[in-house]
$ cat protein_1.txt   # compact mmCIF, C-alpha atoms
# COMPACT_ATOMS: atom_id res chain seq x y z
CA MET A 1 51.77 -37.97 106.23
CA THR A 2 49.73 -34.82 106.52
CA VAL A 3 50.78 -31.78 108.45
CA ASN A 4 48.10 -30.00 110.36
CA THR A 5 48.54 -26.31 109.75
CA GLU A 6 45.33 -25.11 111.30
CA ALA A 7 45.70 -21.98 113.36
CA VAL A 8 45.13 -21.90 117.09
CA ALA A 9 43.70 -18.74 118.56
CA VAL A 10 45.90 -17.60 121.43
CA GLY A 11 45.28 -14.23 123.03
CA GLY A 12 43.22 -12.93 120.14
CA SER A 13 45.86 -13.61 117.44
CA ASP A 14 46.14 -16.59 115.17
CA ILE A 15 49.39 -18.59 115.44
CA THR A 16 50.07 -22.07 114.21
CA ARG A 17 50.85 -24.96 116.49
CA ARG A 18 54.42 -24.97 115.16
CA GLU A 19 54.88 -21.27 116.04
CA PHE A 20 53.47 -21.92 119.51
CA LEU A 21 55.94 -24.77 120.08
CA ASN A 22 58.81 -22.59 118.80
CA TYR A 23 57.87 -19.83 121.25
CA ALA A 24 57.57 -22.34 124.10
CA TRP A 25 60.98 -23.81 123.20
CA LEU A 26 62.63 -20.37 123.09
CA ALA A 27 60.99 -19.37 126.39
CA SER A 28 62.29 -22.51 128.13
CA ILE A 29 65.82 -21.89 126.78
CA GLY A 30 65.60 -18.28 128.02
CA VAL A 31 64.54 -19.41 131.51
CA LEU A 32 67.32 -22.01 131.62
CA THR A 33 69.88 -19.40 130.53
CA ALA A 34 68.69 -16.94 133.18
CA GLU A 35 68.85 -19.63 135.88
CA MET A 36 72.40 -20.61 134.86
CA ALA A 37 73.47 -16.94 134.92
CA VAL A 38 72.13 -16.53 138.46
CA VAL A 39 73.80 -19.75 139.65
CA THR A 40 77.11 -18.75 138.05
CA TYR A 41 76.97 -15.31 139.66
CA LEU A 42 76.21 -16.75 143.10
CA PHE A 43 79.00 -19.30 142.72
CA ALA A 44 81.58 -16.69 141.69
CA TYR A 45 80.54 -13.99 144.18
CA PRO A 46 82.70 -14.18 147.32
CA ARG A 47 80.75 -14.59 150.53
CA LEU A 48 83.19 -13.57 153.24
CA ALA A 49 81.56 -13.76 156.62
CA PRO A 50 83.55 -12.45 159.58
CA GLY A 51 86.12 -15.01 160.66
CA GLU A 52 86.16 -16.94 157.39
CA PHE A 53 89.04 -17.46 155.00
CA GLY A 54 89.88 -14.53 152.75
CA GLY A 55 89.26 -11.74 155.23
CA PRO A 56 90.34 -10.56 158.65
CA VAL A 57 89.91 -13.19 161.36
CA PRO A 58 89.74 -11.86 164.93
CA ILE A 59 91.23 -14.40 167.32
CA GLY A 60 91.19 -12.45 170.58
CA SER A 61 93.92 -11.62 173.04
CA TRP A 62 97.14 -13.59 172.69
CA GLU A 63 97.23 -14.19 176.44
CA ALA A 64 94.14 -16.43 176.07
CA LEU A 65 95.68 -18.50 173.25
CA PRO A 66 97.96 -21.54 173.69
CA GLY A 67 101.53 -20.78 174.72
CA ALA A 68 104.91 -21.74 173.33
CA LYS A 69 104.87 -25.33 174.60
CA ALA A 70 101.35 -26.13 173.36
CA ASP A 71 100.44 -27.93 170.16
CA PRO A 72 99.43 -25.71 167.24
CA LEU A 73 95.83 -24.54 167.41
CA GLY A 74 93.85 -25.11 164.20
CA PHE A 75 91.34 -22.59 162.88
CA ASN A 76 89.50 -24.77 160.37
CA ARG A 77 87.04 -22.23 158.92
CA SER A 78 89.86 -19.76 158.40
CA LYS A 79 92.42 -22.34 157.19
CA PHE A 80 95.38 -21.58 159.42
CA TRP A 81 97.34 -22.93 162.37
CA TRP A 82 98.13 -20.61 165.31
CA ILE A 83 101.61 -21.28 166.66
CA VAL A 84 103.51 -19.57 169.48
CA ASP A 85 107.21 -20.28 169.76
CA ASP A 86 110.13 -19.17 171.90
CA SER A 87 113.03 -18.43 169.59
CA GLY A 88 116.00 -16.14 170.00
CA GLY A 89 115.00 -15.01 173.49
CA LYS A 90 111.59 -13.73 172.45
CA THR A 91 108.14 -15.19 172.05
CA VAL A 92 106.77 -14.98 168.52
CA ALA A 93 103.46 -15.94 166.97
CA ARG A 94 102.78 -17.35 163.52
CA ALA A 95 99.60 -17.96 161.56
CA ILE A 96 100.51 -20.74 159.14
CA TYR A 97 98.35 -21.47 156.08
CA LYS A 98 96.85 -24.97 156.22
CA VAL A 99 97.61 -25.75 152.57
CA CYS A 100 100.73 -27.68 151.58
CA THR A 101 103.17 -25.80 149.35
CA HIS A 102 103.59 -28.84 147.10
CA LEU A 103 100.22 -29.38 145.39
CA GLY A 104 97.75 -27.69 147.72
CA CYS A 105 96.65 -30.59 149.92
CA ILE A 106 95.46 -29.95 153.47
CA TYR A 107 98.12 -31.23 155.87
CA GLY A 108 97.72 -32.12 159.52
CA TRP A 109 99.56 -31.82 162.82
CA LYS A 110 101.00 -35.07 164.17
CA PRO A 111 101.65 -34.49 167.90
CA ASP A 112 103.37 -37.85 168.38
CA GLN A 113 105.99 -36.85 165.77
CA ASN A 114 105.96 -33.12 166.62
CA LYS A 115 105.58 -32.06 162.97
CA PHE A 116 103.12 -31.34 160.18
CA ILE A 117 102.71 -34.11 157.60
CA CYS A 118 100.88 -33.88 154.29
CA PRO A 119 98.86 -37.08 153.71
CA CYS A 120 98.91 -36.75 149.91
CA HIS A 121 102.60 -36.86 149.01
CA GLY A 122 104.39 -37.04 152.36
CA SER A 123 105.88 -33.56 152.69
CA GLN A 124 106.92 -32.86 156.27
CA PHE A 125 107.31 -29.56 158.08
CA SER A 126 108.57 -28.61 161.54
CA ARG A 127 106.30 -27.20 164.24
CA ILE A 128 107.06 -23.67 163.01
CA GLY A 129 106.42 -24.52 159.35
CA ASN A 130 109.94 -25.07 158.06
CA TYR A 131 110.52 -27.70 155.37
CA LEU A 132 111.87 -31.05 156.63
CA ALA A 133 111.31 -33.65 153.90
CA GLY A 134 109.27 -34.53 150.83
CA PRO A 135 108.47 -32.95 147.48
CA ALA A 136 107.33 -29.53 148.78
CA PRO A 137 109.41 -26.72 147.22
CA ARG A 138 109.41 -24.36 150.23
CA ASN A 139 108.44 -23.73 153.84
CA LEU A 140 104.76 -23.33 154.68
CA ASP A 141 103.13 -20.02 153.84
CA ARG A 142 102.08 -17.62 156.60
CA PHE A 143 99.52 -14.89 157.06
CA LEU A 144 99.92 -11.33 158.23
CA ILE A 145 99.01 -10.80 161.91
CA ARG A 146 97.89 -7.45 163.28
CA ALA A 147 97.41 -6.37 166.91
CA VAL A 148 94.76 -3.73 167.59
CA ASP A 149 93.83 -1.90 170.80
CA ALA A 150 90.32 -1.58 172.24
CA VAL A 151 89.33 1.18 169.79
CA GLY A 152 90.65 -0.71 166.74
CA LYS A 153 93.90 1.19 166.27
CA GLU A 154 96.77 -0.98 165.06
CA VAL A 155 99.54 -1.19 167.67
CA ALA A 156 101.73 -3.87 166.03
CA ARG A 157 101.96 -6.12 162.99
CA SER A 158 103.99 -9.13 161.97
CA ASP A 159 107.27 -8.70 160.13
CA ASP A 160 108.06 -9.66 156.52
CA GLU A 161 108.29 -13.33 157.52
CA GLY A 162 104.91 -13.33 159.28
CA LEU A 163 106.33 -13.32 162.82
CA LEU A 164 104.67 -11.21 165.50
CA ASP A 165 106.85 -10.43 168.53
CA LEU A 166 104.64 -11.09 171.56
CA THR A 167 107.16 -9.72 174.08
CA SER A 168 106.30 -6.10 173.19
CA ALA A 169 104.60 -4.19 176.01
CA THR A 170 102.20 -2.61 173.49
CA LEU A 171 100.52 -5.99 173.02
CA ARG A 172 99.21 -6.25 176.58
CA GLY A 173 95.42 -6.38 176.25
CA ALA A 174 95.54 -6.01 172.46
CA ASN A 175 93.38 -8.19 170.23
CA LEU A 176 94.97 -10.12 167.39
CA ILE A 177 93.63 -10.27 163.86
CA VAL A 178 94.93 -12.71 161.25
CA GLU A 179 94.65 -11.28 157.72
CA THR A 180 93.94 -14.41 155.67
CA GLY A 181 93.82 -12.29 152.53
CA THR A 182 97.53 -11.41 152.90
CA ARG A 183 99.67 -14.50 152.42
CA ILE A 184 103.44 -14.48 152.95
CA LYS A 185 105.20 -17.14 150.88
CA GLY A 186 107.56 -19.51 152.67
CA LYS A 187 111.27 -19.48 151.91
CA PRO A 188 112.52 -22.06 149.38
CA LYS A 189 113.78 -25.31 150.87
CA GLY A 190 117.48 -25.20 151.58
CA GLY A 191 117.39 -21.39 151.64

$ encode --input "protein_1.txt" --output "structure tokens"
Amino acid sequence: MTVNTEAVAVGGSDITRREFLNYAWLASIGVLTAEMAVVTYLFAYPRLAPGEFGGPVPIGSWEALPGAKADPLGFNRSKFWWIVDDSGGKTVARAIYKVCTHLGCIYGWKPDQNKFICPCHGSQFSRIGNYLAGPAPRNLDRFLIRAVDAVGKEVARSDDEGLLDLTSATLRGANLIVETGTRIKGKPKGG
């Protein structure tokens, strides 16, 4: 077998065919590496559009949202359930995270049973997110809720448990914002 070592003139300089192929191979690896770096950067870079999970989600005035007797309202892009409940003589609102506290499955509302049920492992939660049955270790997590006036000044916010008292007079005409970047962990089951 003979190896052809004749030089090929490329751009005024003499390089061998083997050198040319080595340069072509290195150039293709460089392009592939650059493409993978760009794809990795774009994958890792958070793209938080207004109203999407991870940032503030404006949901409007609470008067326009379902009341205490209505089924929970799902915000799919923002991954939470909006729930209004009459408890202890006052009306409170909750924004409950749509991810099960067991292994992170997305659970659903079952209106015929009046509870949330996780399809993966069967954890069950009450309408307000409290643990009922199954392998979940705690109640459902909640998000912080803020109420802002027409100029954007905060007039109220939810308490440490994620409950916003809607009976306050300062909330009349205020717009609600759910902070999906601030998660409040649910209490342990039995606690």

$ residues_around --input "protein_1.txt" --residues "A:Arg94" --least-positions-apart "4" --cutoff "7 Å" --atoms "only C-alpha atoms" --output "list in words"
Trp82, Ile83, Val84, Arg142, Gly162, Leu163 and Leu164 of chain A

$ write_last_selection --input "protein_1.txt" --atoms "C-alpha atoms" --output "JSON list (two decimals), keeping the file's coordinate frame"
[["chain", "number", "residue", "atom", "x", "y", "z"],
["A", 82, "TRP", "CA", 98.13, -20.61, 165.31],
["A", 83, "ILE", "CA", 101.61, -21.28, 166.66],
["A", 84, "VAL", "CA", 103.51, -19.57, 169.48],
["A", 142, "ARG", "CA", 102.08, -17.62, 156.60],
["A", 162, "GLY", "CA", 104.91, -13.33, 159.28],
["A", 163, "LEU", "CA", 106.33, -13.32, 162.82],
["A", 164, "LEU", "CA", 104.67, -11.21, 165.50]]

$ atom_distance --input "protein_1.txt" --atom1 "atom CA of A:Glu63" --atom2 "atom CA of A:Ile96"
18.8 Å

$ closest_residue --input "protein_1.txt" --among "A:Gly129, A:Leu166, A:Val151, A:Pro135" --to "A:Lys187" --atoms "only C-alpha atoms"
A:Gly129

$ closest_residue --input "protein_1.txt" --among "A:Lys98, A:Arg146, A:Lys153, A:Lys185" --to "A:Gly74" --atoms "only C-alpha atoms"
A:Lys98

$ residues_near_point --input "protein_1.txt" --point "(105.5, -9.9, 171.2)" --cutoff "8 Å" --atoms "all atoms listed in the file" --output "list in words"
Lys90, Thr91, Val92, Ala93, Leu164, Asp165, Leu166, Thr167, Ser168, Ala169 and Leu171 of chain A

$ residues_around --input "protein_1.txt" --residues "A:Thr182" --least-positions-apart "5" --cutoff "10 Å" --atoms "only C-alpha atoms" --output "mmCIF file with C-alpha atoms, keeping the file's coordinate frame"
data_model
loop_
_atom_site.group_PDB
_atom_site.id
_atom_site.type_symbol
_atom_site.label_atom_id
_atom_site.label_comp_id
_atom_site.auth_asym_id
_atom_site.auth_seq_id
_atom_site.Cartn_x
_atom_site.Cartn_y
_atom_site.Cartn_z
ATOM 1 C CA GLY A 54 89.880 -14.530 152.750
ATOM 2 C CA GLY A 55 89.260 -11.740 155.230
ATOM 3 C CA PRO A 56 90.340 -10.560 158.650
ATOM 4 C CA ARG A 142 102.080 -17.620 156.600
ATOM 5 C CA PHE A 143 99.520 -14.890 157.060
ATOM 6 C CA LEU A 144 99.920 -11.330 158.230
ATOM 7 C CA ILE A 145 99.010 -10.800 161.910
ATOM 8 C CA GLY A 162 104.910 -13.330 159.280
#

$ atom_distance --input "protein_1.txt" --atom1 "atom CA of A:Gly173" --atom2 "atom CA of A:Ser78"
23.0 Å

$ closest_residue --input "protein_1.txt" --among "A:Ala156, A:Ala147, A:Leu132, A:Leu103" --to "A:Gly190" --atoms "all atoms listed in the file"
A:Leu132

$ atom_distance --input "protein_1.txt" --atom1 "atom CA of A:His121" --atom2 "atom CA of A:Arg138"
14.3 Å

$ closest_residue --input "protein_1.txt" --among "A:Leu65, A:Ile59, A:Leu140, A:Ala150" --to "A:Thr101" --atoms "only C-alpha atoms"
A:Leu140

$ residues_near_point --input "protein_1.txt" --point "(114.8, -27.3, 151.0)" --cutoff "8 Å" --atoms "all atoms listed in the file" --output "PyMOL selection string"
chain A and resi 131-133+137-139+188-191

$ residues_around --input "protein_1.txt" --residues "A:Gly60" --least-positions-apart "6" --cutoff "9 Å" --atoms "only C-alpha atoms" --output "mmCIF file with C-alpha atoms, in the frame of the given file"
data_model
loop_
_atom_site.group_PDB
_atom_site.id
_atom_site.type_symbol
_atom_site.label_atom_id
_atom_site.label_comp_id
_atom_site.auth_asym_id
_atom_site.auth_seq_id
_atom_site.Cartn_x
_atom_site.Cartn_y
_atom_site.Cartn_z
ATOM 1 C CA ALA A 174 95.540 -6.010 172.460
ATOM 2 C CA ASN A 175 93.380 -8.190 170.230
ATOM 3 C CA LEU A 176 94.970 -10.120 167.390
ATOM 4 C CA ILE A 177 93.630 -10.270 163.860
#

$ axis_aligned_box --input "protein_1.txt" --around "stretch 176-180 of chain A" --padding-each-side "6 Å" --output "AutoDock Vina command-line options"
--center_x 94.3 --center_y -12.3 --center_z 161.5 --size_x 13.3 --size_y 16.3 --size_z 23.7

$ closest_residue --input "protein_1.txt" --among "A:Ser123, A:Gln113, A:Asn130, A:Thr16" --to "A:Asp71" --atoms "all atoms listed in the file"
A:Gln113
